[in-house]
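Undergrad: Before I ask anything, let me first share the structure, which is written out below as structure tokens.
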Amino acid sequence: MPSGFFEGIEKIRFEGVDSTNPLAFRHYNPDEVVLGKRMEDHLRFAVAWWHSFAWEGGDPFGGPTFERPWHPQDDMGRARMKADIAFEMFEILGQPYFCWHDVDIRPEQGNFADNLRTLEEITDYIGKKMTVSGTRLLWGTANMFSHRRWMAGASTNPDPDVFAYAAATVKSCIDATHKLGGENYVLWGGREGYETLLNTDMKTELDHMGRFLNMVVEYKHKIGFKGTILVEPKPQEPSKHQYDYDAATCIGFLRKYGLENEVRLNLEQGHAILAGHSFEHEIAVAAAEGMLGSVDMNRNDYQSGWDTDQFPNNTPEVALAYYYILKAGGFTTGGTNFDAKIRRQSIDAADLVAAHIGGMDVCARGLKAAAAMIEDGGLERALSERYSGWDTPQAKSLLDSNLDDISARVLREGLNPVPCSGRQEILENYVNRFV
Ligand code: XLS
Ligand code: NI
Ligand code: NI
């Protein structure tokens with residue numbers, strides 16, 4: 001029996017670009033083949049439990065606005081109701097995946113043993129619903145940033161008891177993810193950083209975080225979890241400075257602690273912007289190291305400068321993101337998770353559904369534009385032309401040479417390089433033909 005929460009909203013269908021139906025897909029057509037692969041298999045969309053079902057609509061100036069029938073989320077009855085509603089929405093949207101934090105799916109009971117028991121109960125319940133519906137788990141994760149016990153960090157906490165509690169929490173969440181056949185496990189360190197250096201031993205904290213992540217990887221292998229372990233960069237918010245600042249910082253960290261072949265990155269659009277990068281920059285950095293894992297798709301408000309986690313709606317930006325994802329070979333275990341929430345005035349069930357439809361359509365449009373650019377090959381041609389000077393054996397030998405010999409050659413040949421155009425505007429105009 002459906003709950004009635006989504007009353008009047010039917011399963012969303014693809015109706016094509018001419019449709020004016022606000023509850024239809026205009027671009028996302030799961031079976032449409034793009035570069036030899038179904039659109040659904042390229043994009044691998046996931047709904048985020050926290051924004052869509054757990055968030056109650058509060059902000060720093062006011063309390064909850066949503067008043068869902070399963071709020072406040074303080075007992076197992078409401079946790080099950082929330083799961084029922086979630087799967088009703090999955091049925092409506094038809095996206096293949098979802099993601100959760102432990103605290104999104106179970107009530108918080110304030111002690112580890114009870115939290116473990118309810119996590120096991122609710123994941124059994126969710127597992128049964130997954131079998132019926134066919135919706136799968138893209139990733140699970142532990143929320144180690146909301147409860148006050150985490151205020152000074154989880155694995156980087158000065159208190160070893162918190163480190164221990166964090167280890168037990170992550171173990172329980174990897175177990176739950178494994179049980180549900182999750183394809184990845186994410187660690188985002190919202191409180192793994194500091195508020196002031198005056199009370200922070202940064203080296204010790206980083207060493208503890210590196211050891212912790214190694215324990216996670218050891219445990220994954222011990223239990224035979226085949227999914228990918230992902231870390232998620234973000235420069236700040238909630239901490240003033242977060243250790244997982246951006247993709248490049250994470251890669252350096254993973255190499256230092258010997259994890260470069262075990263852990264990949266989950267990159268989020270809004271986090272890239274907060275770090276002063278474009279989303280495609282972060283994707284390209286990870287891809288260059290073979291560490292691109294998955295993406296959290298959203299967008300931040302362009303003026304406010306914080307992590308507003310809105311649904312994506314900028315096709316040119318999304319197109320460039322998928323261009324670099326496709327260039328890196330596309331997703332393997334990763335996917336496109338909508339780490340995005342509706343605004344607090346958007347209190348209707350239809351708002352929640354429409355937000356996902358819009359996000360899925362924008363991503364589908366971006367993917368098609370990216371695929372068209374790849375098929376046309378214009379950007380690749382421009383790149384190979386720009387670097388073609390390096391194709392000659394003489395140029396290649398430079399890299400095996402040394403400063404003495406190179407300098408002698410520059411003098412001998414009277415080398416005097418002739419600058420040539422970077423053609424930026426021509427390339428930007430080229431991209432605009434596709435988006
Ligand atoms: C917060 C993060 C968070 C992670 C999962 O900014 O994006 O939602 O994706 O813990
Ligand atoms: Ni995220
Ligand atoms: Ni975020």
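So you can find residues: chains in the structure tokens are A, B, ... in the order shown, residues in each start at 1, and ligands are numbered from 1 in order.
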Just want the 7 Å neighbourhood of Thr156 (chain A), counted on only C-alpha atoms, with same-chain residues fewer than 6 positions away dropped. Output as a list in words.
TA: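 Listed by chain and then number, they are Glu192, Glu205, Leu206, His208 and Met209 of chain A.
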Undergrad: Ligand 2: which residues are within 9 Å, counting only C-alpha atoms and all ligand atoms? Reply as a compact mmCIF listing (two decimals) with N, CA and C atoms, in the first residue's frame.
TA:
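Written out: out17.txt:
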# COMPACT_ATOMS: atom_id res chain seq x y z
N TRP A 188 33.99 11.06 4.15
CA TRP A 188 34.14 12.50 4.05
C TRP A 188 34.42 13.01 5.46
N GLU A 232 36.39 12.02 0.13
CA GLU A 232 35.70 13.13 -0.53
C GLU A 232 36.31 14.46 -0.12
N PRO A 233 37.02 15.11 -1.05
CA PRO A 233 37.66 16.38 -0.70
C PRO A 233 36.67 17.52 -0.47
N LYS A 234 37.02 18.38 0.44
CA LYS A 234 36.27 19.62 0.69
C LYS A 234 37.19 20.52 1.51
N ASN A 266 35.88 10.75 -4.35
CA ASN A 266 34.50 11.12 -4.64
C ASN A 266 34.46 12.64 -4.70
N LEU A 267 34.29 13.18 -5.90
CA LEU A 267 34.41 14.63 -6.09
C LEU A 267 33.06 15.29 -6.16
N GLU A 268 32.95 16.42 -5.47
CA GLU A 268 31.66 17.12 -5.42
C GLU A 268 31.78 18.49 -6.07
N GLN A 269 30.82 18.81 -6.93
CA GLN A 269 30.85 20.07 -7.66
C GLN A 269 31.03 21.27 -6.71
N GLY A 270 30.17 21.37 -5.70
CA GLY A 270 30.22 22.52 -4.81
C GLY A 270 31.52 22.60 -4.02
N HIS A 271 32.09 21.44 -3.67
CA HIS A 271 33.34 21.45 -2.92
C HIS A 271 34.49 21.96 -3.79
N VAL A 295 31.15 10.85 -8.36
CA VAL A 295 30.89 12.28 -8.16
C VAL A 295 29.63 12.52 -7.33
N ASP A 296 29.70 13.60 -6.54
CA ASP A 296 28.53 14.15 -5.87
C ASP A 296 28.12 15.36 -6.69
N MET A 297 26.98 15.24 -7.36
CA MET A 297 26.57 16.29 -8.29
C MET A 297 25.67 17.29 -7.55
N ASN A 298 26.02 18.54 -7.65
CA ASN A 298 25.17 19.61 -7.10
C ASN A 298 25.67 20.92 -7.65
N ASP A 309 24.57 23.24 -1.72
CA ASP A 309 24.07 21.92 -2.15
C ASP A 309 22.76 21.98 -2.92
N ASN A 337 25.88 10.89 -7.75
CA ASN A 337 25.01 10.98 -6.58
C ASN A 337 24.53 12.42 -6.42
N PHE A 338 23.23 12.61 -6.32
CA PHE A 338 22.71 13.96 -6.09
C PHE A 338 22.87 14.32 -4.62
N ASP A 339 24.05 14.87 -4.31
CA ASP A 339 24.28 15.39 -2.95
C ASP A 339 23.69 16.80 -2.96
N ALA A 340 22.38 16.86 -3.06
CA ALA A 340 21.68 18.12 -3.34
C ALA A 340 20.35 18.15 -2.61
Undergrad: Considering only C-alpha atoms, return as a PyMOL selection string whatever protein or nucleic-acid residues lie within 9 Å of Ile85 (chain A), sequence-local ones (same chain, fewer than 5 positions apart) excluded.
TA: chain A and resi 2-3+5-6+53+80+90
Undergrad: Just to be explicit: take each residue in the selection above, keep all heavy atoms, and write the result as a PDB file, in the first residue's frame.
TA:
ATOM      1  N   PRO A   2       0.773   2.068  -1.045  1.00  0.00           N
ATOM      2  CA  PRO A   2       1.543   3.324  -1.016  1.00  0.00           C
ATOM      3  C   PRO A   2       1.081   4.237   0.127  1.00  0.00           C
ATOM      4  O   PRO A   2      -0.086   4.190   0.532  1.00  0.00           O
ATOM      5  CB  PRO A   2       1.264   3.965  -2.379  1.00  0.00           C
ATOM      6  CG  PRO A   2       0.242   3.144  -3.065  1.00  0.00           C
ATOM      7  CD  PRO A   2      -0.038   1.910  -2.246  1.00  0.00           C
ATOM      8  N   SER A   3       1.987   5.043   0.616  1.00  0.00           N
ATOM      9  CA  SER A   3       1.701   5.874   1.795  1.00  0.00           C
ATOM     10  C   SER A   3       0.775   7.042   1.487  1.00  0.00           C
ATOM     11  O   SER A   3       0.200   7.638   2.390  1.00  0.00           O
ATOM     12  CB  SER A   3       3.012   6.446   2.308  1.00  0.00           C
ATOM     13  OG  SER A   3       3.534   7.312   1.311  1.00  0.00           O
ATOM     14  N   PHE A   5       2.018   9.772   0.310  1.00  0.00           N
ATOM     15  CA  PHE A   5       2.879  10.975   0.353  1.00  0.00           C
ATOM     16  C   PHE A   5       3.053  11.565  -1.047  1.00  0.00           C
ATOM     17  O   PHE A   5       3.067  12.778  -1.228  1.00  0.00           O
ATOM     18  CB  PHE A   5       4.235  10.624   0.983  1.00  0.00           C
ATOM     19  CG  PHE A   5       5.154  11.802   1.093  1.00  0.00           C
ATOM     20  CD1 PHE A   5       4.943  12.789   2.061  1.00  0.00           C
ATOM     21  CD2 PHE A   5       6.232  11.955   0.230  1.00  0.00           C
ATOM     22  CE1 PHE A   5       5.781  13.895   2.162  1.00  0.00           C
ATOM     23  CE2 PHE A   5       7.079  13.050   0.326  1.00  0.00           C
ATOM     24  CZ  PHE A   5       6.849  14.022   1.289  1.00  0.00           C
ATOM     25  N   PHE A   6       3.209  10.685  -2.033  1.00  0.00           N
ATOM     26  CA  PHE A   6       3.422  11.158  -3.412  1.00  0.00           C
ATOM     27  C   PHE A   6       2.124  11.103  -4.226  1.00  0.00           C
ATOM     28  O   PHE A   6       2.163  10.928  -5.442  1.00  0.00           O
ATOM     29  CB  PHE A   6       4.503  10.306  -4.102  1.00  0.00           C
ATOM     30  CG  PHE A   6       5.873  10.490  -3.517  1.00  0.00           C
ATOM     31  CD1 PHE A   6       6.448   9.492  -2.713  1.00  0.00           C
ATOM     32  CD2 PHE A   6       6.608  11.642  -3.754  1.00  0.00           C
ATOM     33  CE1 PHE A   6       7.721   9.655  -2.177  1.00  0.00           C
ATOM     34  CE2 PHE A   6       7.882  11.805  -3.215  1.00  0.00           C
ATOM     35  CZ  PHE A   6       8.442  10.814  -2.419  1.00  0.00           C
ATOM     36  N   PHE A  53      15.414  12.826   2.515  1.00  0.00           N
ATOM     37  CA  PHE A  53      14.478  12.266   3.494  1.00  0.00           C
ATOM     38  C   PHE A  53      14.799  12.636   4.934  1.00  0.00           C
ATOM     39  O   PHE A  53      13.908  12.699   5.773  1.00  0.00           O
ATOM     40  CB  PHE A  53      14.410  10.739   3.338  1.00  0.00           C
ATOM     41  CG  PHE A  53      14.219  10.316   1.908  1.00  0.00           C
ATOM     42  CD1 PHE A  53      15.209   9.638   1.218  1.00  0.00           C
ATOM     43  CD2 PHE A  53      13.050  10.653   1.235  1.00  0.00           C
ATOM     44  CE1 PHE A  53      15.044   9.300  -0.116  1.00  0.00           C
ATOM     45  CE2 PHE A  53      12.871  10.317  -0.094  1.00  0.00           C
ATOM     46  CZ  PHE A  53      13.872   9.632  -0.777  1.00  0.00           C
ATOM     47  N   ARG A  80      11.465   3.244   9.575  1.00  0.00           N
ATOM     48  CA  ARG A  80      10.899   2.352   8.552  1.00  0.00           C
ATOM     49  C   ARG A  80       9.977   3.120   7.602  1.00  0.00           C
ATOM     50  O   ARG A  80       9.999   2.909   6.394  1.00  0.00           O
ATOM     51  CB  ARG A  80      10.146   1.185   9.215  1.00  0.00           C
ATOM     52  CG  ARG A  80      11.074   0.034   9.631  1.00  0.00           C
ATOM     53  CD  ARG A  80      10.276  -1.200  10.044  1.00  0.00           C
ATOM     54  NE  ARG A  80       9.515  -0.937  11.260  1.00  0.00           N
ATOM     55  CZ  ARG A  80       9.983  -1.139  12.507  1.00  0.00           C
ATOM     56  NH1 ARG A  80      11.188  -1.641  12.688  1.00  0.00           N
ATOM     57  NH2 ARG A  80       9.239  -0.857  13.564  1.00  0.00           N
ATOM     58  N   PHE A  90      11.981   6.191  -5.274  1.00  0.00           N
ATOM     59  CA  PHE A  90      12.874   5.500  -6.217  1.00  0.00           C
ATOM     60  C   PHE A  90      12.056   4.892  -7.358  1.00  0.00           C
ATOM     61  O   PHE A  90      12.465   4.892  -8.521  1.00  0.00           O
ATOM     62  CB  PHE A  90      13.685   4.404  -5.518  1.00  0.00           C
ATOM     63  CG  PHE A  90      14.528   4.881  -4.361  1.00  0.00           C
ATOM     64  CD1 PHE A  90      15.037   3.984  -3.424  1.00  0.00           C
ATOM     65  CD2 PHE A  90      14.829   6.234  -4.202  1.00  0.00           C
ATOM     66  CE1 PHE A  90      15.820   4.410  -2.355  1.00  0.00           C
ATOM     67  CE2 PHE A  90      15.602   6.677  -3.135  1.00  0.00           C
ATOM     68  CZ  PHE A  90      16.102   5.762  -2.215  1.00  0.00           C
TER      69      PHE A  90
END
Undergrad: Among region 100-257 of chain A, which ones does DSSP place in helix (DSSP H, G or I), written as a compact mmCIF listing (two decimals) with N, CA, C and O atoms, in the first residue's frame?
TA:
# COMPACT_ATOMS: atom_id res chain seq x y z
N ASP A 102 24.81 6.36 8.11
CA ASP A 102 24.13 5.59 9.17
C ASP A 102 23.02 6.39 9.85
O ASP A 102 21.89 5.92 10.02
N VAL A 103 23.30 7.65 10.18
CA VAL A 103 22.30 8.42 10.95
C VAL A 103 21.08 8.82 10.11
O VAL A 103 20.06 9.23 10.67
N ASP A 104 21.19 8.72 8.78
CA ASP A 104 20.03 9.05 7.94
C ASP A 104 18.99 7.95 8.00
O ASP A 104 17.80 8.22 7.82
N ILE A 105 19.46 6.72 8.18
CA ILE A 105 18.52 5.60 8.04
C ILE A 105 18.05 5.05 9.39
O ILE A 105 17.00 4.43 9.47
N PHE A 112 26.64 3.32 21.42
CA PHE A 112 27.05 2.53 20.26
C PHE A 112 26.23 1.25 20.11
O PHE A 112 25.81 0.91 19.01
N ALA A 113 25.99 0.56 21.22
CA ALA A 113 25.33 -0.75 21.11
C ALA A 113 23.92 -0.61 20.51
O ALA A 113 23.54 -1.39 19.63
N ASP A 114 23.16 0.37 20.98
CA ASP A 114 21.80 0.55 20.44
C ASP A 114 21.85 1.02 18.98
O ASP A 114 21.05 0.58 18.15
N ASN A 115 22.80 1.90 18.69
CA ASN A 115 22.92 2.37 17.31
C ASN A 115 23.28 1.23 16.36
O ASN A 115 22.81 1.18 15.22
N LEU A 116 24.11 0.32 16.84
CA LEU A 116 24.51 -0.83 16.03
C LEU A 116 23.30 -1.74 15.77
O LEU A 116 23.06 -2.18 14.64
N ARG A 117 22.54 -1.97 16.82
CA ARG A 117 21.37 -2.86 16.69
C ARG A 117 20.34 -2.26 15.70
O ARG A 117 19.86 -2.94 14.81
N THR A 118 20.07 -0.96 15.83
CA THR A 118 19.06 -0.38 14.93
C THR A 118 19.61 -0.27 13.50
O THR A 118 18.85 -0.39 12.53
N LEU A 119 20.92 -0.08 13.36
CA LEU A 119 21.50 -0.05 12.01
C LEU A 119 21.31 -1.41 11.34
O LEU A 119 20.95 -1.51 10.16
N GLU A 120 21.56 -2.48 12.12
CA GLU A 120 21.39 -3.82 11.55
C GLU A 120 19.93 -4.08 11.18
O GLU A 120 19.63 -4.61 10.11
N GLU A 121 19.03 -3.65 12.09
CA GLU A 121 17.60 -3.84 11.82
C GLU A 121 17.14 -3.10 10.57
O GLU A 121 16.49 -3.66 9.70
N ILE A 122 17.52 -1.84 10.48
CA ILE A 122 17.01 -1.04 9.36
C ILE A 122 17.65 -1.47 8.04
O ILE A 122 17.01 -1.43 6.99
N THR A 123 18.91 -1.93 8.10
CA THR A 123 19.52 -2.35 6.83
C THR A 123 18.94 -3.70 6.38
O THR A 123 18.87 -3.97 5.19
N ASP A 124 18.49 -4.52 7.33
CA ASP A 124 17.75 -5.74 6.91
C ASP A 124 16.46 -5.33 6.20
O ASP A 124 16.10 -5.89 5.16
N TYR A 125 15.79 -4.35 6.80
CA TYR A 125 14.52 -3.87 6.24
C TYR A 125 14.74 -3.28 4.83
O TYR A 125 14.03 -3.60 3.88
N ILE A 126 15.78 -2.44 4.71
CA ILE A 126 16.09 -1.81 3.42
C ILE A 126 16.51 -2.88 2.40
O ILE A 126 16.13 -2.82 1.23
N GLY A 127 17.26 -3.87 2.87
CA GLY A 127 17.71 -4.95 1.98
C GLY A 127 16.54 -5.66 1.31
O GLY A 127 16.57 -5.96 0.11
N LYS A 128 15.49 -5.90 2.09
CA LYS A 128 14.31 -6.57 1.51
C LYS A 128 13.66 -5.69 0.45
O LYS A 128 13.24 -6.16 -0.60
N LYS A 129 13.61 -4.39 0.74
CA LYS A 129 13.00 -3.47 -0.23
C LYS A 129 13.84 -3.39 -1.50
O LYS A 129 13.31 -3.25 -2.60
N MET A 130 15.17 -3.49 -1.35
CA MET A 130 16.05 -3.47 -2.52
C MET A 130 15.79 -4.68 -3.42
O MET A 130 15.79 -4.58 -4.64
N THR A 131 15.58 -5.82 -2.79
CA THR A 131 15.33 -7.04 -3.56
C THR A 131 14.05 -6.89 -4.39
O THR A 131 14.01 -7.26 -5.56
N VAL A 132 13.03 -6.32 -3.77
CA VAL A 132 11.76 -6.16 -4.48
C VAL A 132 11.89 -5.12 -5.59
O VAL A 132 11.43 -5.32 -6.72
N SER A 133 12.53 -3.99 -5.29
CA SER A 133 12.51 -2.87 -6.25
C SER A 133 13.65 -2.92 -7.27
O SER A 133 13.55 -2.32 -8.32
N ARG A 148 27.62 15.64 18.90
CA ARG A 148 28.63 16.43 19.61
C ARG A 148 29.90 15.65 19.95
O ARG A 148 30.97 16.23 20.11
N ARG A 149 29.79 14.30 19.97
CA ARG A 149 31.01 13.53 20.28
C ARG A 149 32.09 13.75 19.22
O ARG A 149 33.26 13.57 19.47
N TRP A 150 31.67 14.15 18.00
CA TRP A 150 32.64 14.33 16.91
C TRP A 150 33.14 15.76 16.78
O TRP A 150 33.82 16.09 15.82
N PRO A 160 41.64 9.53 22.37
CA PRO A 160 41.69 8.19 21.76
C PRO A 160 40.37 7.44 21.84
O PRO A 160 40.09 6.58 21.00
N ASP A 161 39.52 7.75 22.83
CA ASP A 161 38.22 7.08 22.90
C ASP A 161 37.35 7.43 21.69
O ASP A 161 36.57 6.61 21.23
N VAL A 162 37.50 8.66 21.20
CA VAL A 162 36.72 9.03 20.02
C VAL A 162 37.27 8.31 18.79
O VAL A 162 36.50 7.84 17.94
N PHE A 163 38.59 8.19 18.69
CA PHE A 163 39.21 7.42 17.60
C PHE A 163 38.62 6.01 17.60
O PHE A 163 38.22 5.47 16.56
N ALA A 164 38.55 5.41 18.78
CA ALA A 164 38.02 4.05 18.90
C ALA A 164 36.55 3.99 18.49
O ALA A 164 36.13 3.09 17.74
N TYR A 165 35.78 4.95 18.94
CA TYR A 165 34.35 5.01 18.60
C TYR A 165 34.18 5.16 17.09
O TYR A 165 33.30 4.54 16.46
N ALA A 166 35.06 5.97 16.49
CA ALA A 166 35.02 6.18 15.04
C ALA A 166 35.34 4.88 14.31
O ALA A 166 34.69 4.52 13.32
N ALA A 167 36.35 4.16 14.80
CA ALA A 167 36.73 2.89 14.15
C ALA A 167 35.56 1.91 14.21
O ALA A 167 35.23 1.24 13.22
N ALA A 168 34.91 1.83 15.38
CA ALA A 168 33.78 0.91 15.53
C ALA A 168 32.62 1.34 14.63
O ALA A 168 31.93 0.51 14.03
N THR A 169 32.42 2.65 14.52
CA THR A 169 31.33 3.17 13.69
C THR A 169 31.57 2.84 12.22
O THR A 169 30.67 2.37 11.51
N VAL A 170 32.80 3.08 11.75
CA VAL A 170 33.09 2.81 10.34
C VAL A 170 32.99 1.31 10.06
O VAL A 170 32.44 0.89 9.04
N LYS A 171 33.46 0.49 10.99
CA LYS A 171 33.32 -0.96 10.81
C LYS A 171 31.84 -1.32 10.61
O LYS A 171 31.49 -2.05 9.69
N SER A 172 30.97 -0.75 11.46
CA SER A 172 29.54 -1.09 11.36
C SER A 172 28.96 -0.63 10.03
O SER A 172 28.11 -1.31 9.45
N CYS A 173 29.45 0.50 9.53
CA CYS A 173 28.90 1.02 8.27
C CYS A 173 29.45 0.28 7.06
O CYS A 173 28.73 0.11 6.06
N ILE A 174 30.71 -0.17 7.13
CA ILE A 174 31.22 -0.99 6.01
C ILE A 174 30.49 -2.34 6.02
O ILE A 174 30.11 -2.85 4.96
N ASP A 175 30.28 -2.89 7.20
CA ASP A 175 29.53 -4.16 7.29
C ASP A 175 28.15 -4.00 6.64
O ASP A 175 27.71 -4.85 5.86
N ALA A 176 27.48 -2.89 6.99
CA ALA A 176 26.12 -2.67 6.46
C ALA A 176 26.16 -2.46 4.95
O ALA A 176 25.31 -2.98 4.21
N THR A 177 27.16 -1.71 4.48
CA THR A 177 27.29 -1.46 3.04
C THR A 177 27.55 -2.77 2.30
O THR A 177 26.97 -3.05 1.25
N HIS A 178 28.42 -3.59 2.89
CA HIS A 178 28.76 -4.90 2.31
C HIS A 178 27.52 -5.79 2.25
O HIS A 178 27.23 -6.41 1.23
N LYS A 179 26.78 -5.79 3.35
CA LYS A 179 25.56 -6.62 3.41
C LYS A 179 24.57 -6.23 2.32
O LYS A 179 23.92 -7.10 1.73
N LEU A 197 44.78 26.46 14.85
CA LEU A 197 46.05 25.75 14.98
C LEU A 197 46.55 25.79 16.42
O LEU A 197 47.34 24.95 16.85
N LEU A 198 46.08 26.80 17.19
CA LEU A 198 46.58 26.99 18.56
C LEU A 198 46.32 25.76 19.42
O LEU A 198 47.06 25.50 20.36
N ASN A 199 45.24 25.00 19.11
CA ASN A 199 44.98 23.81 19.93
C ASN A 199 45.16 22.52 19.13
O ASN A 199 44.64 21.47 19.51
N MET A 202 48.83 19.20 14.18
CA MET A 202 48.45 18.78 12.84
C MET A 202 49.14 17.48 12.41
O MET A 202 48.52 16.60 11.83
N LYS A 203 50.43 17.35 12.70
CA LYS A 203 51.16 16.17 12.25
C LYS A 203 50.58 14.90 12.88
O LYS A 203 50.35 13.90 12.21
N THR A 204 50.33 14.97 14.19
CA THR A 204 49.74 13.81 14.87
C THR A 204 48.37 13.48 14.28
O THR A 204 48.06 12.31 14.01
N GLU A 205 47.57 14.50 14.06
CA GLU A 205 46.22 14.24 13.53
C GLU A 205 46.28 13.60 12.15
O GLU A 205 45.53 12.67 11.85
N LEU A 206 47.19 14.10 11.30
CA LEU A 206 47.30 13.52 9.95
C LEU A 206 47.79 12.08 10.01
O LEU A 206 47.30 11.22 9.27
N ASP A 207 48.74 11.80 10.89
CA ASP A 207 49.22 10.43 11.04
C ASP A 207 48.10 9.50 11.50
O ASP A 207 47.97 8.37 11.03
N HIS A 208 47.27 10.00 12.42
CA HIS A 208 46.16 9.17 12.90
C HIS A 208 45.15 8.93 11.78
O HIS A 208 44.63 7.83 11.61
N MET A 209 44.91 9.97 10.99
CA MET A 209 43.96 9.82 9.88
C MET A 209 44.49 8.82 8.84
O MET A 209 43.74 8.01 8.30
N GLY A 210 45.81 8.89 8.60
CA GLY A 210 46.42 7.94 7.64
C GLY A 210 46.35 6.51 8.15
O GLY A 210 46.02 5.59 7.40
N ARG A 211 46.60 6.32 9.43
CA ARG A 211 46.54 4.97 10.01
C ARG A 211 45.09 4.45 10.00
O ARG A 211 44.82 3.30 9.68
N PHE A 212 44.16 5.35 10.30
CA PHE A 212 42.74 4.99 10.32
C PHE A 212 42.29 4.49 8.93
O PHE A 212 41.67 3.44 8.80
N LEU A 213 42.68 5.24 7.91
CA LEU A 213 42.28 4.87 6.55
C LEU A 213 42.92 3.53 6.15
O LEU A 213 42.30 2.71 5.46
N ASN A 214 44.14 3.30 6.61
CA ASN A 214 44.76 1.99 6.36
C ASN A 214 43.97 0.87 7.04
O ASN A 214 43.83 -0.22 6.47
N MET A 215 43.47 1.13 8.25
CA MET A 215 42.66 0.11 8.93
C MET A 215 41.38 -0.17 8.15
O MET A 215 40.93 -1.32 8.07
N VAL A 216 40.81 0.88 7.57
CA VAL A 216 39.58 0.72 6.77
C VAL A 216 39.86 -0.20 5.58
O VAL A 216 39.11 -1.14 5.30
N VAL A 217 40.99 0.06 4.91
CA VAL A 217 41.34 -0.75 3.74
C VAL A 217 41.64 -2.20 4.15
O VAL A 217 41.19 -3.16 3.50
N GLU A 218 42.37 -2.36 5.28
CA GLU A 218 42.66 -3.72 5.77
C GLU A 218 41.36 -4.46 6.05
O GLU A 218 41.20 -5.64 5.71
N TYR A 219 40.40 -3.76 6.66
CA TYR A 219 39.13 -4.40 7.02
C TYR A 219 38.33 -4.77 5.77
O TYR A 219 37.75 -5.86 5.69
N LYS A 220 38.34 -3.86 4.80
CA LYS A 220 37.63 -4.14 3.54
C LYS A 220 38.12 -5.46 2.94
O LYS A 220 37.33 -6.31 2.53
N HIS A 221 39.44 -5.64 2.91
CA HIS A 221 39.99 -6.88 2.33
C HIS A 221 39.67 -8.08 3.22
O HIS A 221 39.39 -9.17 2.72
N LYS A 222 39.71 -7.86 4.51
CA LYS A 222 39.45 -8.97 5.44
C LYS A 222 38.04 -9.55 5.23
O LYS A 222 37.86 -10.77 5.23
N ILE A 223 37.06 -8.67 5.04
CA ILE A 223 35.69 -9.19 4.90
C ILE A 223 35.32 -9.47 3.44
O ILE A 223 34.22 -9.91 3.14
N ALA A 247 41.34 17.71 -4.46
CA ALA A 247 41.81 16.45 -5.04
C ALA A 247 43.33 16.32 -4.91
O ALA A 247 43.83 15.27 -4.49
N ALA A 248 44.06 17.37 -5.22
CA ALA A 248 45.52 17.29 -5.19
C ALA A 248 46.01 17.01 -3.76
O ALA A 248 46.93 16.19 -3.56
N THR A 249 45.41 17.66 -2.78
CA THR A 249 45.82 17.43 -1.39
C THR A 249 45.54 15.98 -0.99
O THR A 249 46.37 15.34 -0.33
N CYS A 250 44.37 15.48 -1.38
CA CYS A 250 44.02 14.09 -1.03
C CYS A 250 44.99 13.11 -1.68
O CYS A 250 45.40 12.12 -1.05
N ILE A 251 45.36 13.38 -2.92
CA ILE A 251 46.27 12.46 -3.62
C ILE A 251 47.62 12.43 -2.90
O ILE A 251 48.20 11.35 -2.68
N GLY A 252 48.11 13.59 -2.49
CA GLY A 252 49.37 13.64 -1.74
C GLY A 252 49.27 12.86 -0.44
O GLY A 252 50.17 12.09 -0.07
N PHE A 253 48.15 13.02 0.25
CA PHE A 253 47.90 12.31 1.50
C PHE A 253 47.87 10.80 1.26
O PHE A 253 48.52 10.02 1.99
N LEU A 254 47.14 10.38 0.25
CA LEU A 254 47.01 8.93 -0.01
C LEU A 254 48.37 8.33 -0.35
O LEU A 254 48.70 7.23 0.10
N ARG A 255 49.18 9.07 -1.12
CA ARG A 255 50.51 8.54 -1.44
C ARG A 255 51.38 8.45 -0.18
O ARG A 255 52.08 7.47 0.03
N LYS A 256 51.31 9.47 0.64
CA LYS A 256 52.15 9.49 1.85
C LYS A 256 51.86 8.27 2.73
O LYS A 256 52.77 7.70 3.34
Undergrad: Using only C-alpha atoms, can you tell me which of A:Ala154, A:Ala369, A:Leu180, A:Leu187 comes closest to Val34 (chain A)?
TA: A:Ala369
Undergrad: So the first atom is CA of Ile357 (chain A) and the second is CA of Phe25 (chain A); what is the distance between them in Å, to one decimal place?
TA: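 Going from CA of Ile357 (chain A) over to CA of Phe25 (chain A), I get 6.3 Å.
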Undergrad: One number please: CA of Thr141 (chain A) to CA of Gly305 (chain A), in Å, one decimal.
TA: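 These two atoms are separated by 26.0 Å.
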Undergrad: With a distance cut-off of 8 Å and only C-alpha atoms, select the neighbouring residues of Arg344 (chain A), excluding the residue or stretch itself and same-chain residues fewer than 4 positions from it, and output the selection as a ChimeraX atom specification.
TA: /A:57-58,65-66
